[in-house]
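Undergrad: Below is the structure I would like to discuss, written out as structure tokens.
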Amino acid sequence: MSTPALPNWRPDFEAIAHWVAPGSRVLDLGCGDGTLLRFLKERRGATGYGVDISDDNVLACVKNGVNVIQSDLEAGLSGFESGSFDYVILSQTLQATMHTERLLKDILRVGREGIVSFPNFGYWRVRMQLLAGHMPVSPELPYQWYDTPNIHLFTLSDFENFCRGHGVRILERLVTTDGRPVSAMPNLLGALAFYRLDRAPGASPVAA
Amino acid sequence: MNAVAKVPGSVGVVAPSDMQFDEPLLLKSGAVIPSYSLRYETYGTLNADRSNAVLVCHALNASHHVAGSYAHDPKDVGWWDNLIGPGKPVDTDRFFVVGVNNLGGCHGSTGPATPNPATGRPWGADFPVVTVDDWVAAQARLADRLGIRCFAAVVGGSLGAMQALQWTIAFPDRVRHALVIAAAPKLSAQNIAFNEVARQAITTDPDFHGGDYYAHGVVPRRGLRLARMLGHITYLSDDAMAEKFGRALREGEFKFGFDVEFEIESYLRYQGDKFSTYFDANTYLRITKALDYFDPALACGGRLAEALKGAAARFLVVSFTSDWRFSPARSREIVKALLDTGKDVSYAEIDAPHGHDAFLMDDPRYHGLIRAFLADADIDRSAQT
């Protein structure tokens with residue numbers, strides 16, 4: 001897949017778009033200016049909505065010609081029917097949410113599948129900075145401790161443990177560093193992680 | 001086109017027109033209006049493929065006079081002039097904008113104060129109760145006569161937004177964009193209660209004469225004043241009122257009497273007095289009933305999503321955080337119904353302090369959204385493919 005000529009295209013959108021089947025119904029949580037949705041609409045024939053809380057992002061989405069619902073993710077996804085989307089996407093936002101557990105459950109209630117990406121706090125460069133006695137700052141975690149929106153930092157292993165314990169099935173995983181896939185020792189060598197998830201068969205239905 | 005002298009940002013001096021309809025209109029109530037006239041204004045120019053028309057629907061007390069001003073009264077500026085004009089969010093250099101006074105109104109269209117052809121006297125109490133559906137049907141006939149098959153957009157706030165919503169249901173192939181602002185999918189009991197108090201104020205005024213006050217040469221002015229004062233309280237937020245008036249006294253001290261003392265009293269009395277000089281009481285009664293009756297989901301067992309299933313427009317739904325008359329939760333009901341049926345919809349919740357009246361304010365976030373949403377609204381894609 002070639003990188004599209006969209007001004008705010010992010011490399012991680014590539015991996016997400018790759019997993020979205022053509023013609024799907026998509027809900028993009030924390031959609032920013034709607035770049036990913038616009039790409040999915042134009043190249044994949046996807047339909048759907050973005051959700052964002054910021055006035056600027058809502059305006060940017062409307063300018064981008066994509067549907068956007070101004071809403072606070074922390075208030076939950078009660079405005080969306082169960083199973084009403086093929087994919088619910090949460091791109092590099094999970095670590096910045098307060099009600100992380102509830103949101104993940106809600107994602108798999110509303111979507112047939114969830115696509116989640118997040119910075120890996122187990123990445124070796126992160127560990128080195130911590131060993132050196134400092135909170136890590138990296139391209140994936142570009143904030144200082146005092147201005148970061150990230151309040152729930154976690155590693156690949158943490159996330160996979162969470163999934164096991166919450167009836168979430170991992171369908172596919174992609175780990176990258178500097179945009180290149182990582183296969184060996186991903187929890188140590190991977191900077192960014194992508195997961196395609198659904199509800200494990202037999203798992204108790206997740207409540208909103 | 002009515003615009004004559006144009007000043008920057010304004011459509012300039014405008015003049016209304018009248019369109020006469022001699023085909024009877026069957027109303028939702030079963031009553032029939034044998035013939036009627038609608039007063040309207042237009043700004044901008046209808047383009048060659050007639051794809052750039054925008055209909056602006058008015059709310060309770062407004063009219064067809066949406067933008068610009070009158071040669072004989074330059075201070076009479078259209079009620080949504082901050083939104084509509086050359087270079088404004090609804091840009092009259094691109095769009096052909098139509099404002100129309102609804103059937104049953106009192107700003108020039110056929111209504112209770114105009115003569116009933118059967119008797120030659122004002123319709124008065126005999127003027128039927130009209131609904132949002134009836135207004136939209138009448139607007140569609142006006143569109144036919146103006147040569148507009150499909151509107152690029154139908155825009156409305158409050159009761160006007162209900163008309164925009166109804167357009168997408170009644171005429172799905174005649175509206176490409178619907179701007180549903182400060183709306184509710186139906187009134188709550190509290191909303192109806194406010195309307196009922198307003199109606200009681202009017203109908204219990206001794207000058208009401210059962211609605212036939214025209215023959216007595218009087219107007220139920222006291223009732224209209226009260227109705228307007230009550231309405232005004234619901235259009236403003238508590239914060240906006242506190243900010244604007246607080247507990248300020250006109251003469252700085254208590255008088256221990258019942259004349260105007262607090263600034264808010266003075267304001268409400270002024271608004272009530274002004275309103276009672278120009279608004280027809282029978283029209284007020286009918287418009288509040290139209291509000292009460294609006295409930296497009298009713299025919300679908302209360303399922304709004306089903307009522308909107310056939311809609312084909314792209315929607316922009318906007319609410320304002322401090323609006324307690326039609327709160328954001330009411331707009332979210334509309335959004336939810338549109339989401340459930342997979343419609344194209346964007347929703348914005350504007351953090352504004354003004355209450356329900358915020359939809360009339362010049363807020364850059366709000367106006368910016370409307371401008372962006374209408375960016376290519378005049379392009380009829382269905383006509384190109």
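Simple scheme: letters A, B, ... for chains in structure tokens order, numbers from 1 for residues in each chain, numbers from 1 for ligands in the order shown.
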Extract, using only C-alpha atoms, all DNA, RNA and protein residues at most 8 Å from stretch 180-189 of chain B, discarding same-chain residues fewer than 5 positions from it, and format them as number ranges by chain.
TA: B: 155-159, 161-162, 164-165, 291-296, 304, 315-320, 323, 326-328, 330-331, 333-334, 356, 359
Undergrad: What are the residues of chain B that have an atom within 8 Å of an atom of chain A, counting only C-alpha atoms, as a PyMOL selection string?
TA: chain B and resi 332+336+339-340+342+344-350+365+368-369+372-373+375
Undergrad: So that I have them on file, write out the residues from the current selection with C-alpha atoms, as a PDB file, in the first residue's frame.
TA:
```
ATOM      1  CA  ARG B 332     -28.069  13.448  20.576  1.00  0.00           C
ATOM      2  CA  LYS B 336     -28.381   8.414  17.577  1.00  0.00           C
ATOM      3  CA  LEU B 339     -26.223   6.715  13.399  1.00  0.00           C
ATOM      4  CA  ASP B 340     -28.441   3.685  13.864  1.00  0.00           C
ATOM      5  CA  GLY B 342     -26.018   4.652   8.949  1.00  0.00           C
ATOM      6  CA  ASP B 344     -24.124  10.715   6.945  1.00  0.00           C
ATOM      7  CA  VAL B 345     -24.144  12.876  10.038  1.00  0.00           C
ATOM      8  CA  SER B 346     -21.761  15.124  11.881  1.00  0.00           C
ATOM      9  CA  TYR B 347     -22.552  16.414  15.333  1.00  0.00           C
ATOM     10  CA  ALA B 348     -21.054  19.318  17.229  1.00  0.00           C
ATOM     11  CA  GLU B 349     -21.761  20.395  20.760  1.00  0.00           C
ATOM     12  CA  ILE B 350     -20.778  24.040  21.037  1.00  0.00           C
ATOM     13  CA  ARG B 365     -16.719  27.697  16.004  1.00  0.00           C
ATOM     14  CA  GLY B 368     -17.015  27.861  10.950  1.00  0.00           C
ATOM     15  CA  LEU B 369     -18.696  24.452  11.003  1.00  0.00           C
ATOM     16  CA  ALA B 372     -17.178  23.997   6.171  1.00  0.00           C
ATOM     17  CA  PHE B 373     -20.247  21.769   5.951  1.00  0.00           C
ATOM     18  CA  ALA B 375     -18.250  23.972   1.273  1.00  0.00           C
TER      19      ALA B 375
END
```
Undergrad: Give me the residues within 6 Å of A:Gln95 as a list in words, counting only C-alpha atoms and dropping any in the same chain fewer than 4 places off.
TA: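 Listed by chain and then number, they are Asn150, His152 and Leu153 of chain A.
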Undergrad: Provide the atom CA of B:Ser237 to atom CA of B:Trp324 distance in Å, to one decimal place.
TA: 7.1 Å
Undergrad: Given the choices B:Gly302, B:Pro16, B:Asp205, B:Arg325, which gets closest to B:Ile192 if the distance is worked out from only C-alpha atoms?
TA: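 The shortest atom-to-atom distance to B:Ile192 comes from B:Arg325.
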Undergrad: Could you please write out, as JSON, numbers by chain, every residue of stretch 23-192 of chain A that DSSP assigns to helix (DSSP H, G or I)?
TA: {"A": [35, 36, 37, 38, 39, 40, 41, 42, 43, 44, 55, 56, 57, 58, 59, 60, 61, 62, 63, 73, 74, 75, 94, 95, 96, 100, 101, 102, 103, 104, 105, 106, 107, 108, 109, 110, 124, 125, 126, 127, 128, 129, 130, 131, 156, 157, 158, 159, 160, 161, 162, 163, 164, 165, 186, 187, 188, 189]}
Undergrad: For the structure I just gave you, how does DSSP split stretch 191-329 of chain B - specifically, which residues are strand (DSSP E)? Reply as a list of chain:residue names.
TA: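 Across stretch 191-329 of chain B, those assigned strand (DSSP E) are B:Arg314, B:Phe315, B:Leu316, B:Val317, B:Val318, B:Ser319, B:Phe320.
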Undergrad: Restrict the selected residues to N, CA, C and O atoms and save them as a PDB file, in the first residue's frame.
TA:
```pdb
ATOM      1  N   ARG B 314     -27.181  14.671   3.808  1.00  0.00           N
ATOM      2  CA  ARG B 314     -26.093  14.683   4.792  1.00  0.00           C
ATOM      3  C   ARG B 314     -26.531  15.642   5.896  1.00  0.00           C
ATOM      4  O   ARG B 314     -27.018  16.736   5.619  1.00  0.00           O
ATOM      5  N   PHE B 315     -26.313  15.232   7.135  1.00  0.00           N
ATOM      6  CA  PHE B 315     -26.810  16.014   8.268  1.00  0.00           C
ATOM      7  C   PHE B 315     -25.671  16.682   9.012  1.00  0.00           C
ATOM      8  O   PHE B 315     -24.610  16.070   9.228  1.00  0.00           O
ATOM      9  N   LEU B 316     -25.919  17.913   9.435  1.00  0.00           N
ATOM     10  CA  LEU B 316     -25.085  18.547  10.456  1.00  0.00           C
ATOM     11  C   LEU B 316     -26.019  18.897  11.612  1.00  0.00           C
ATOM     12  O   LEU B 316     -26.960  19.675  11.447  1.00  0.00           O
ATOM     13  N   VAL B 317     -25.763  18.278  12.745  1.00  0.00           N
ATOM     14  CA  VAL B 317     -26.566  18.534  13.940  1.00  0.00           C
ATOM     15  C   VAL B 317     -25.691  19.318  14.912  1.00  0.00           C
ATOM     16  O   VAL B 317     -24.551  18.918  15.178  1.00  0.00           O
ATOM     17  N   VAL B 318     -26.203  20.441  15.397  1.00  0.00           N
ATOM     18  CA  VAL B 318     -25.430  21.284  16.316  1.00  0.00           C
ATOM     19  C   VAL B 318     -26.275  21.593  17.538  1.00  0.00           C
ATOM     20  O   VAL B 318     -27.452  21.956  17.416  1.00  0.00           O
ATOM     21  N   SER B 319     -25.670  21.431  18.716  1.00  0.00           N
ATOM     22  CA  SER B 319     -26.359  21.839  19.940  1.00  0.00           C
ATOM     23  C   SER B 319     -25.442  22.757  20.737  1.00  0.00           C
ATOM     24  O   SER B 319     -24.258  22.904  20.416  1.00  0.00           O
ATOM     25  N   PHE B 320     -26.001  23.362  21.774  1.00  0.00           N
ATOM     26  CA  PHE B 320     -25.235  24.305  22.596  1.00  0.00           C
ATOM     27  C   PHE B 320     -25.341  23.884  24.059  1.00  0.00           C
ATOM     28  O   PHE B 320     -26.441  23.604  24.552  1.00  0.00           O
TER      29      PHE B 320
END
```
Undergrad: Just the residues within 8 Å of A:Leu174, please, counting only C-alpha atoms, with nothing from its chain fewer than 2 positions along; format it as a list in words.
TA: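 The neighbour list is Ala15, Glu172, Thr176, Pro181, Val182, Ala193, Phe194 and Tyr195 of chain A.
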Undergrad: Save out the residues we just selected, N, CA, C and O atoms, as a compact mmCIF listing (two decimals), in the first residue's frame.
TA:
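Output (again.txt):
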```
# COMPACT_ATOMS: atom_id res chain seq x y z
N ALA A 15 -0.65 0.66 8.85
CA ALA A 15 -0.89 -0.67 9.41
C ALA A 15 -2.38 -0.87 9.69
O ALA A 15 -2.94 -1.95 9.45
N GLU A 172 -4.70 -10.60 15.53
CA GLU A 172 -3.50 -10.29 14.77
C GLU A 172 -2.72 -9.25 15.55
O GLU A 172 -3.30 -8.42 16.24
N THR A 176 6.11 -2.58 15.58
CA THR A 176 7.05 -1.87 14.70
C THR A 176 7.99 -1.00 15.53
O THR A 176 7.67 -0.60 16.66
N PRO A 181 8.67 -3.63 10.78
CA PRO A 181 8.13 -4.68 11.64
C PRO A 181 9.21 -5.31 12.51
O PRO A 181 10.36 -5.43 12.11
N VAL A 182 8.81 -5.69 13.69
CA VAL A 182 9.70 -6.35 14.65
C VAL A 182 9.11 -7.73 14.94
O VAL A 182 7.93 -7.83 15.25
N ALA A 193 2.80 -0.82 19.00
CA ALA A 193 2.11 -2.10 18.83
C ALA A 193 0.71 -1.87 18.27
O ALA A 193 0.05 -0.89 18.60
N PHE A 194 0.30 -2.79 17.39
CA PHE A 194 -1.04 -2.77 16.81
C PHE A 194 -1.70 -4.10 17.06
O PHE A 194 -1.07 -5.14 16.86
N TYR A 195 -2.93 -4.08 17.45
CA TYR A 195 -3.67 -5.32 17.68
C TYR A 195 -5.01 -5.27 16.98
O TYR A 195 -5.68 -4.24 16.97
```
Undergrad: Rank A:Arg180, A:Lys41, A:Lys105, A:Arg127 by their smallest atom-to-atom distance to A:Pro11, using only C-alpha atoms, and report the top residue only.
TA: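 Among A:Arg180, A:Lys41, A:Lys105, A:Arg127, it is A:Arg180 that comes nearest to A:Pro11.
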Undergrad: Would you please work out which residue, of B:Ala178, B:Ala240, B:Leu27, B:Glu41, is nearest to B:Asp134 when using only C-alpha atoms?
TA: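 Among the listed residues, the smallest separation from B:Asp134 belongs to B:Leu27.
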Undergrad: Expressed in Å to a single decimal, how great is the separation between atom CA of B:Gly12 and atom CA of B:Arg371?
TA: 20.4 Å
